[in-house]
Amino acid sequence: MVTLDPLAVLVLAAVVGLMFGSFLNVLILRTHKGTSPWKGRSVCMHCHHPIRWFDNIPLVSFIVLRGQCRHCQAKLSWQYPLVEVGTAVVFAIVAHRFGATWWTLGAFAVTMMMIAVAVYDARWSLLPDSFSIVLAVFGFTFAALAKMPLVDLGLGLLAGASFFALQFFLSRGRWVGSGDILLGGAIGALLGWRMLGLALFIAYMVGAIFASVLLILRRQKTSSAISFGPFLVLGAFLSWLWGQQIVDWYFNHALFR
Ligand SMILES: [Zn+2]
């Protein structure tokens with residue numbers, strides 16, 4: 001196997017991330033409209049003019065077109081460049097963590113679904129079941145190939161789903177949505193039950209901080225309107241990549257001082 005320069009790996013991962021981010025935009029928007037992400041060419045959402053390939057280059061086209069459709073000058077959604085750049089950055093982080101190995105490619109697939117779930121929930125306060133199911137399949141496969149005990153993963157899936165199912169039934173769907181049950185299960189199937197707790201802890205901590213900041217800035221009247229999916233995904237991502245390091249750090253520094 002050829003050895004690649006670590007910086008070259010990061011740059012390559014970021015370029016792949018830009019392209020996957022572009023695909024994710026199509027997947028997210030077409031799932032929302034209820035059309036297939038595989039069939040048909042991309043068209044302008046406003047004038048429905050087909051988008052030529054040179055106007056469809058990730059990030060570059062958005063800059064060249066100054067965020068406008070070439071034909072009708074309608075403003076293009078900021079979702080396009082944000083998801084593309086976001087995916088590029090996250091893919092570079094993943095490549096840094098797993099190095100120039102096959103694990104990085106597998107981790108790209110898992111990460112891609114995480115981003116899809118987070119962006120969709122942030123925009124429409126909804127978690128598509130299909131996204132969570134694909135995330136569960138990718139996550140479980142990755143963890144199983146990494147020799148995580150299948151019992152741990154099965155228990156993680158059950159614990160993650162039950163955690164939200166309980167809240168869903170207790171609150172009759174007011175605290176969490178039914179989509180959280182599937183997403184909780186998916187995250188458990190990736191992390192196993194041991195790291196699931198850490199993911200939930202991070203999600204609630206960051207979510208609470210975010211809600212407090214919004215309340216202070218008076219951007220939001222109540223914290224109930226904030227989608228929880230993106231925080232759940234963030235907690236899962238951090239626990240997945242650095243779970244053991246975070247736990248070790250916590251016990252060494254935060255707890256006994
Ligand atoms: Zn247009």
# chains A, B, ... in the order shown; residues from 1 in each chain; ligands from 1

call {"tool": "closest_atom_pairs", "arguments": {"of": "segment 39-92 of chain A", "to": "segment 100-105 of chain A", "cutoff": "12 Å", "atoms": "only C-alpha atoms", "output": "Markdown table"}}
result
| residue | atom | partner | partner_atom | distance |
| --- | --- | --- | --- | --- |
| A:Val90 | CA | A:Thr104 | CA | 11.6 |
| A:Phe91 | CA | A:Thr104 | CA | 8.6 |
| A:Ala92 | CA | A:Thr104 | CA | 9.8 |

call {"tool": "residues_near_ligand", "arguments": {"ligand": "ligand 1", "cutoff": "8 Å", "atoms": "only C-alpha atoms and all ligand atoms", "output": "PyMOL selection string"}}
result
chain A and resi 43-49+68-74

call {"tool": "write_last_selection", "arguments": {"atoms": "N, CA and C atoms", "output": "mmCIF file, in the first residue's frame"}}
result
data_model
loop_
_atom_site.group_PDB
_atom_site.id
_atom_site.type_symbol
_atom_site.label_atom_id
_atom_site.label_comp_id
_atom_site.auth_asym_id
_atom_site.auth_seq_id
_atom_site.Cartn_x
_atom_site.Cartn_y
_atom_site.Cartn_z
ATOM 1 N N VAL A 43 -32.784 21.091 -10.927
ATOM 2 C CA VAL A 43 -33.345 22.304 -11.531
ATOM 3 C C VAL A 43 -33.371 23.409 -10.483
ATOM 4 N N CYS A 44 -33.450 24.666 -10.953
ATOM 5 C CA CYS A 44 -33.592 25.785 -10.040
ATOM 6 C C CYS A 44 -34.936 25.648 -9.322
ATOM 7 N N MET A 45 -34.928 25.837 -8.001
ATOM 8 C CA MET A 45 -36.154 25.690 -7.220
ATOM 9 C C MET A 45 -37.171 26.764 -7.593
ATOM 10 N N HIS A 46 -36.678 27.860 -8.158
ATOM 11 C CA HIS A 46 -37.546 29.011 -8.428
ATOM 12 C C HIS A 46 -38.092 28.976 -9.856
ATOM 13 N N CYS A 47 -37.199 28.941 -10.872
ATOM 14 C CA CYS A 47 -37.647 29.008 -12.268
ATOM 15 C C CYS A 47 -37.644 27.621 -12.940
ATOM 16 N N HIS A 48 -37.209 26.610 -12.252
ATOM 17 C CA HIS A 48 -37.200 25.218 -12.728
ATOM 18 C C HIS A 48 -36.328 25.015 -13.965
ATOM 19 N N HIS A 49 -35.438 25.956 -14.235
ATOM 20 C CA HIS A 49 -34.486 25.805 -15.336
ATOM 21 C C HIS A 49 -33.453 24.751 -14.929
ATOM 22 N N GLN A 68 -26.773 33.261 -6.691
ATOM 23 C CA GLN A 68 -28.001 33.504 -7.453
ATOM 24 C C GLN A 68 -28.129 32.514 -8.599
ATOM 25 N N CYS A 69 -29.375 32.231 -8.991
ATOM 26 C CA CYS A 69 -29.620 31.411 -10.179
ATOM 27 C C CYS A 69 -29.170 32.181 -11.414
ATOM 28 N N ARG A 70 -28.483 31.488 -12.370
ATOM 29 C CA ARG A 70 -27.965 32.151 -13.571
ATOM 30 C C ARG A 70 -29.103 32.700 -14.446
ATOM 31 N N HIS A 71 -30.260 32.054 -14.381
ATOM 32 C CA HIS A 71 -31.345 32.408 -15.304
ATOM 33 C C HIS A 71 -32.351 33.387 -14.716
ATOM 34 N N CYS A 72 -32.767 33.168 -13.459
ATOM 35 C CA CYS A 72 -33.826 34.028 -12.900
ATOM 36 C C CYS A 72 -33.307 34.896 -11.755
ATOM 37 N N GLN A 73 -32.045 34.768 -11.413
ATOM 38 C CA GLN A 73 -31.409 35.573 -10.353
ATOM 39 C C GLN A 73 -32.030 35.350 -8.956
ATOM 40 N N ALA A 74 -32.837 34.292 -8.827
ATOM 41 C CA ALA A 74 -33.387 33.988 -7.497
ATOM 42 C C ALA A 74 -32.238 33.625 -6.564
#

call {"tool": "atom_distance", "arguments": {"atom1": "atom CA of Arg41 of chain A", "atom2": "atom CA of Ile28 of chain A"}}
result
15.1 Å

call {"tool": "residues_around", "arguments": {"residues": "segment 116-120 of chain A", "least_positions_apart": "5", "cutoff": "8 Å", "atoms": "only C-alpha atoms", "output": "list in words"}}
result
Leu24, Leu27, Ile28, Val83, Ser125, Leu126, Leu127, Pro128, Phe131, Ser132, Gly229, Pro230, Phe231 and Val233 of chain A

call {"tool": "write_last_selection", "arguments": {"atoms": "N, CA and C atoms", "output": "compact mmCIF listing (two decimals), in the first residue's frame"}}
result
# COMPACT_ATOMS: atom_id res chain seq x y z
N LEU A 24 -25.57 15.43 -0.58
CA LEU A 24 -26.44 15.51 0.60
C LEU A 24 -27.51 16.58 0.43
N LEU A 27 -30.11 15.07 -1.66
CA LEU A 27 -30.83 14.05 -0.89
C LEU A 27 -31.81 14.70 0.10
N ILE A 28 -31.33 15.72 0.82
CA ILE A 28 -32.14 16.37 1.85
C ILE A 28 -33.34 17.09 1.21
N VAL A 83 -23.69 23.21 3.89
CA VAL A 83 -23.61 21.75 4.00
C VAL A 83 -22.36 21.24 3.29
N SER A 125 -37.45 20.53 11.70
CA SER A 125 -37.83 19.92 12.98
C SER A 125 -38.48 18.55 12.80
N LEU A 126 -37.85 17.75 11.96
CA LEU A 126 -38.39 16.43 11.66
C LEU A 126 -37.23 15.49 11.38
N LEU A 127 -37.36 14.26 11.86
CA LEU A 127 -36.32 13.26 11.59
C LEU A 127 -36.90 12.20 10.67
N PRO A 128 -36.49 12.19 9.38
CA PRO A 128 -37.03 11.17 8.48
C PRO A 128 -36.63 9.77 8.94
N PHE A 131 -33.75 8.09 6.95
CA PHE A 131 -32.39 8.52 7.27
C PHE A 131 -31.87 7.76 8.50
N SER A 132 -32.71 7.68 9.53
CA SER A 132 -32.29 7.01 10.77
C SER A 132 -32.02 5.53 10.54
N GLY A 229 -32.33 16.86 17.40
CA GLY A 229 -31.56 15.97 16.52
C GLY A 229 -30.11 16.39 16.29
N PRO A 230 -29.85 17.67 15.95
CA PRO A 230 -28.47 18.08 15.71
C PRO A 230 -27.56 17.87 16.93
N PHE A 231 -28.11 18.09 18.14
CA PHE A 231 -27.30 17.90 19.35
C PHE A 231 -27.02 16.42 19.61
N VAL A 233 -26.82 14.17 17.31
CA VAL A 233 -25.83 13.77 16.31
C VAL A 233 -24.43 14.23 16.75

call {"tool": "closest_residue", "arguments": {"among": "A:Ile187, A:Leu215, A:Val9, A:Leu200", "to": "His96 of chain A", "atoms": "only C-alpha atoms"}}
result
A:Val9

call {"tool": "residues_around", "arguments": {"residues": "Val26 of chain A", "least_positions_apart": "2", "cutoff": "12 Å", "atoms": "only C-alpha atoms", "output": "MDAnalysis selection string"}}
result
chainID A and resid 19:24 28:45 56 58 79:80 83:84 116 120

call {"tool": "atom_distance", "arguments": {"atom1": "atom CA of Ala8 of chain A", "atom2": "atom CA of Trp242 of chain A"}}
result
22.8 Å

call {"tool": "select_by_dssp", "arguments": {"residues": "segment 35-102 of chain A", "states": "helix (DSSP H, G or I)", "output": "list in words"}}
result
Trp53, Phe54, Asp55, Val60, Ser61, Phe62, Ile63, Val64, Gln79, Tyr80, Pro81, Leu82, Val83, Glu84, Val85, Gly86, Thr87, Ala88, Val89, Val90, Phe91, Ala92, Ile93, Val94, Ala95, His96, Arg97, Phe98 and Trp102 of chain A

call {"tool": "atom_distance", "arguments": {"atom1": "atom CA of Gly188 of chain A", "atom2": "atom CA of Leu214 of chain A"}}
result
29.2 Å

call {"tool": "decode", "arguments": {"residues": "segment 140-180 of chain A", "atoms": "N, CA and C atoms", "output": "PDB file, in the first residue's frame"}}
result
ATOM      1  N   PHE A 140     -24.185   0.168  12.546  1.00  0.00           N
ATOM      2  CA  PHE A 140     -24.066  -1.186  13.079  1.00  0.00           C
ATOM      3  C   PHE A 140     -23.015  -1.976  12.310  1.00  0.00           C
ATOM      4  N   THR A 141     -23.022  -1.852  10.970  1.00  0.00           N
ATOM      5  CA  THR A 141     -22.053  -2.564  10.137  1.00  0.00           C
ATOM      6  C   THR A 141     -20.628  -2.113  10.475  1.00  0.00           C
ATOM      7  N   PHE A 142     -20.430  -0.803  10.585  1.00  0.00           N
ATOM      8  CA  PHE A 142     -19.104  -0.262  10.905  1.00  0.00           C
ATOM      9  C   PHE A 142     -18.617  -0.796  12.248  1.00  0.00           C
ATOM     10  N   ALA A 143     -19.496  -0.707  13.263  1.00  0.00           N
ATOM     11  CA  ALA A 143     -19.108  -1.134  14.612  1.00  0.00           C
ATOM     12  C   ALA A 143     -18.843  -2.633  14.662  1.00  0.00           C
ATOM     13  N   ALA A 144     -19.663  -3.413  13.937  1.00  0.00           N
ATOM     14  CA  ALA A 144     -19.493  -4.865  13.933  1.00  0.00           C
ATOM     15  C   ALA A 144     -18.167  -5.240  13.261  1.00  0.00           C
ATOM     16  N   LEU A 145     -17.826  -4.555  12.151  1.00  0.00           N
ATOM     17  CA  LEU A 145     -16.554  -4.808  11.467  1.00  0.00           C
ATOM     18  C   LEU A 145     -15.376  -4.410  12.361  1.00  0.00           C
ATOM     19  N   ALA A 146     -15.593  -3.406  13.212  1.00  0.00           N
ATOM     20  CA  ALA A 146     -14.546  -2.963  14.135  1.00  0.00           C
ATOM     21  C   ALA A 146     -14.455  -3.881  15.354  1.00  0.00           C
ATOM     22  N   LYS A 147     -15.155  -5.008  15.286  1.00  0.00           N
ATOM     23  CA  LYS A 147     -15.105  -6.048  16.328  1.00  0.00           C
ATOM     24  C   LYS A 147     -15.718  -5.592  17.653  1.00  0.00           C
ATOM     25  N   MET A 148     -16.668  -4.686  17.600  1.00  0.00           N
ATOM     26  CA  MET A 148     -17.426  -4.357  18.809  1.00  0.00           C
ATOM     27  C   MET A 148     -18.332  -5.557  19.112  1.00  0.00           C
ATOM     28  N   PRO A 149     -18.427  -5.976  20.389  1.00  0.00           N
ATOM     29  CA  PRO A 149     -19.298  -7.124  20.693  1.00  0.00           C
ATOM     30  C   PRO A 149     -20.736  -6.860  20.246  1.00  0.00           C
ATOM     31  N   LEU A 150     -21.315  -7.830  19.531  1.00  0.00           N
ATOM     32  CA  LEU A 150     -22.666  -7.636  18.987  1.00  0.00           C
ATOM     33  C   LEU A 150     -23.687  -7.433  20.099  1.00  0.00           C
ATOM     34  N   VAL A 151     -23.429  -8.043  21.264  1.00  0.00           N
ATOM     35  CA  VAL A 151     -24.345  -7.872  22.399  1.00  0.00           C
ATOM     36  C   VAL A 151     -24.383  -6.402  22.819  1.00  0.00           C
ATOM     37  N   ASP A 152     -23.190  -5.772  22.877  1.00  0.00           N
ATOM     38  CA  ASP A 152     -23.111  -4.351  23.241  1.00  0.00           C
ATOM     39  C   ASP A 152     -23.918  -3.483  22.271  1.00  0.00           C
ATOM     40  N   LEU A 153     -23.793  -3.818  20.968  1.00  0.00           N
ATOM     41  CA  LEU A 153     -24.482  -3.025  19.950  1.00  0.00           C
ATOM     42  C   LEU A 153     -25.993  -3.234  20.036  1.00  0.00           C
ATOM     43  N   GLY A 154     -26.400  -4.492  20.221  1.00  0.00           N
ATOM     44  CA  GLY A 154     -27.827  -4.794  20.354  1.00  0.00           C
ATOM     45  C   GLY A 154     -28.425  -4.093  21.557  1.00  0.00           C
ATOM     46  N   LEU A 155     -27.694  -4.144  22.679  1.00  0.00           N
ATOM     47  CA  LEU A 155     -28.167  -3.466  23.892  1.00  0.00           C
ATOM     48  C   LEU A 155     -28.196  -1.956  23.689  1.00  0.00           C
ATOM     49  N   GLY A 156     -27.201  -1.443  22.962  1.00  0.00           N
ATOM     50  CA  GLY A 156     -27.163  -0.012  22.661  1.00  0.00           C
ATOM     51  C   GLY A 156     -28.377   0.414  21.861  1.00  0.00           C
ATOM     52  N   LEU A 157     -28.712  -0.388  20.855  1.00  0.00           N
ATOM     53  CA  LEU A 157     -29.882  -0.094  20.018  1.00  0.00           C
ATOM     54  C   LEU A 157     -31.144  -0.061  20.884  1.00  0.00           C
ATOM     55  N   LEU A 158     -31.294  -1.086  21.729  1.00  0.00           N
ATOM     56  CA  LEU A 158     -32.472  -1.169  22.606  1.00  0.00           C
ATOM     57  C   LEU A 158     -32.522  -0.005  23.588  1.00  0.00           C
ATOM     58  N   ALA A 159     -31.367   0.274  24.213  1.00  0.00           N
ATOM     59  CA  ALA A 159     -31.317   1.339  25.227  1.00  0.00           C
ATOM     60  C   ALA A 159     -31.603   2.698  24.606  1.00  0.00           C
ATOM     61  N   GLY A 160     -30.990   2.971  23.436  1.00  0.00           N
ATOM     62  CA  GLY A 160     -31.192   4.252  22.767  1.00  0.00           C
ATOM     63  C   GLY A 160     -32.641   4.465  22.370  1.00  0.00           C
ATOM     64  N   ALA A 161     -33.252   3.418  21.823  1.00  0.00           N
ATOM     65  CA  ALA A 161     -34.655   3.522  21.408  1.00  0.00           C
ATOM     66  C   ALA A 161     -35.566   3.647  22.633  1.00  0.00           C
ATOM     67  N   SER A 162     -35.308   2.835  23.680  1.00  0.00           N
ATOM     68  CA  SER A 162     -36.173   2.860  24.871  1.00  0.00           C
ATOM     69  C   SER A 162     -36.103   4.205  25.584  1.00  0.00           C
ATOM     70  N   PHE A 163     -34.901   4.786  25.626  1.00  0.00           N
ATOM     71  CA  PHE A 163     -34.706   6.064  26.310  1.00  0.00           C
ATOM     72  C   PHE A 163     -35.683   7.119  25.769  1.00  0.00           C
ATOM     73  N   PHE A 164     -35.823   7.155  24.440  1.00  0.00           N
ATOM     74  CA  PHE A 164     -36.711   8.152  23.844  1.00  0.00           C
ATOM     75  C   PHE A 164     -38.153   7.665  23.791  1.00  0.00           C
ATOM     76  N   ALA A 165     -38.335   6.351  23.645  1.00  0.00           N
ATOM     77  CA  ALA A 165     -39.701   5.804  23.625  1.00  0.00           C
ATOM     78  C   ALA A 165     -40.396   6.096  24.945  1.00  0.00           C
ATOM     79  N   LEU A 166     -39.651   5.953  26.039  1.00  0.00           N
ATOM     80  CA  LEU A 166     -40.210   6.214  27.370  1.00  0.00           C
ATOM     81  C   LEU A 166     -40.672   7.672  27.487  1.00  0.00           C
ATOM     82  N   GLN A 167     -39.782   8.583  27.053  1.00  0.00           N
ATOM     83  CA  GLN A 167     -40.140  10.005  27.101  1.00  0.00           C
ATOM     84  C   GLN A 167     -41.317  10.319  26.187  1.00  0.00           C
ATOM     85  N   PHE A 168     -41.335   9.641  25.035  1.00  0.00           N
ATOM     86  CA  PHE A 168     -42.400   9.868  24.060  1.00  0.00           C
ATOM     87  C   PHE A 168     -43.756   9.479  24.646  1.00  0.00           C
ATOM     88  N   PHE A 169     -43.802   8.332  25.304  1.00  0.00           N
ATOM     89  CA  PHE A 169     -45.079   7.856  25.836  1.00  0.00           C
ATOM     90  C   PHE A 169     -45.473   8.623  27.105  1.00  0.00           C
ATOM     91  N   LEU A 170     -44.487   8.941  27.957  1.00  0.00           N
ATOM     92  CA  LEU A 170     -44.780   9.691  29.181  1.00  0.00           C
ATOM     93  C   LEU A 170     -45.353  11.074  28.864  1.00  0.00           C
ATOM     94  N   SER A 171     -44.785  11.709  27.812  1.00  0.00           N
ATOM     95  CA  SER A 171     -45.202  13.089  27.497  1.00  0.00           C
ATOM     96  C   SER A 171     -46.249  13.113  26.385  1.00  0.00           C
ATOM     97  N   ARG A 172     -46.679  11.955  25.941  1.00  0.00           N
ATOM     98  CA  ARG A 172     -47.592  11.838  24.790  1.00  0.00           C
ATOM     99  C   ARG A 172     -47.066  12.645  23.602  1.00  0.00           C
ATOM    100  N   GLY A 173     -45.764  12.516  23.345  1.00  0.00           N
ATOM    101  CA  GLY A 173     -45.171  13.127  22.145  1.00  0.00           C
ATOM    102  C   GLY A 173     -44.845  14.603  22.265  1.00  0.00           C
ATOM    103  N   ARG A 174     -44.915  15.170  23.487  1.00  0.00           N
ATOM    104  CA  ARG A 174     -44.640  16.602  23.614  1.00  0.00           C
ATOM    105  C   ARG A 174     -43.152  16.892  23.822  1.00  0.00           C
ATOM    106  N   TRP A 175     -42.431  16.018  24.535  1.00  0.00           N
ATOM    107  CA  TRP A 175     -41.005  16.262  24.795  1.00  0.00           C
ATOM    108  C   TRP A 175     -40.151  15.888  23.588  1.00  0.00           C
ATOM    109  N   VAL A 176     -40.404  14.721  23.055  1.00  0.00           N
ATOM    110  CA  VAL A 176     -39.622  14.244  21.910  1.00  0.00           C
ATOM    111  C   VAL A 176     -40.587  13.725  20.845  1.00  0.00           C
ATOM    112  N   GLY A 177     -40.112  13.649  19.600  1.00  0.00           N
ATOM    113  CA  GLY A 177     -40.935  13.118  18.523  1.00  0.00           C
ATOM    114  C   GLY A 177     -40.678  11.627  18.350  1.00  0.00           C
ATOM    115  N   SER A 178     -41.530  10.968  17.562  1.00  0.00           N
ATOM    116  CA  SER A 178     -41.337   9.538  17.326  1.00  0.00           C
ATOM    117  C   SER A 178     -40.025   9.289  16.589  1.00  0.00           C
ATOM    118  N   GLY A 179     -39.578  10.280  15.808  1.00  0.00           N
ATOM    119  CA  GLY A 179     -38.327  10.129  15.065  1.00  0.00           C
ATOM    120  C   GLY A 179     -37.115   9.985  15.973  1.00  0.00           C
ATOM    121  N   ASP A 180     -37.200  10.581  17.184  1.00  0.00           N
ATOM    122  CA  ASP A 180     -36.085  10.473  18.126  1.00  0.00           C
ATOM    123  C   ASP A 180     -35.855   9.033  18.581  1.00  0.00           C
TER     124      ASP A 180
END
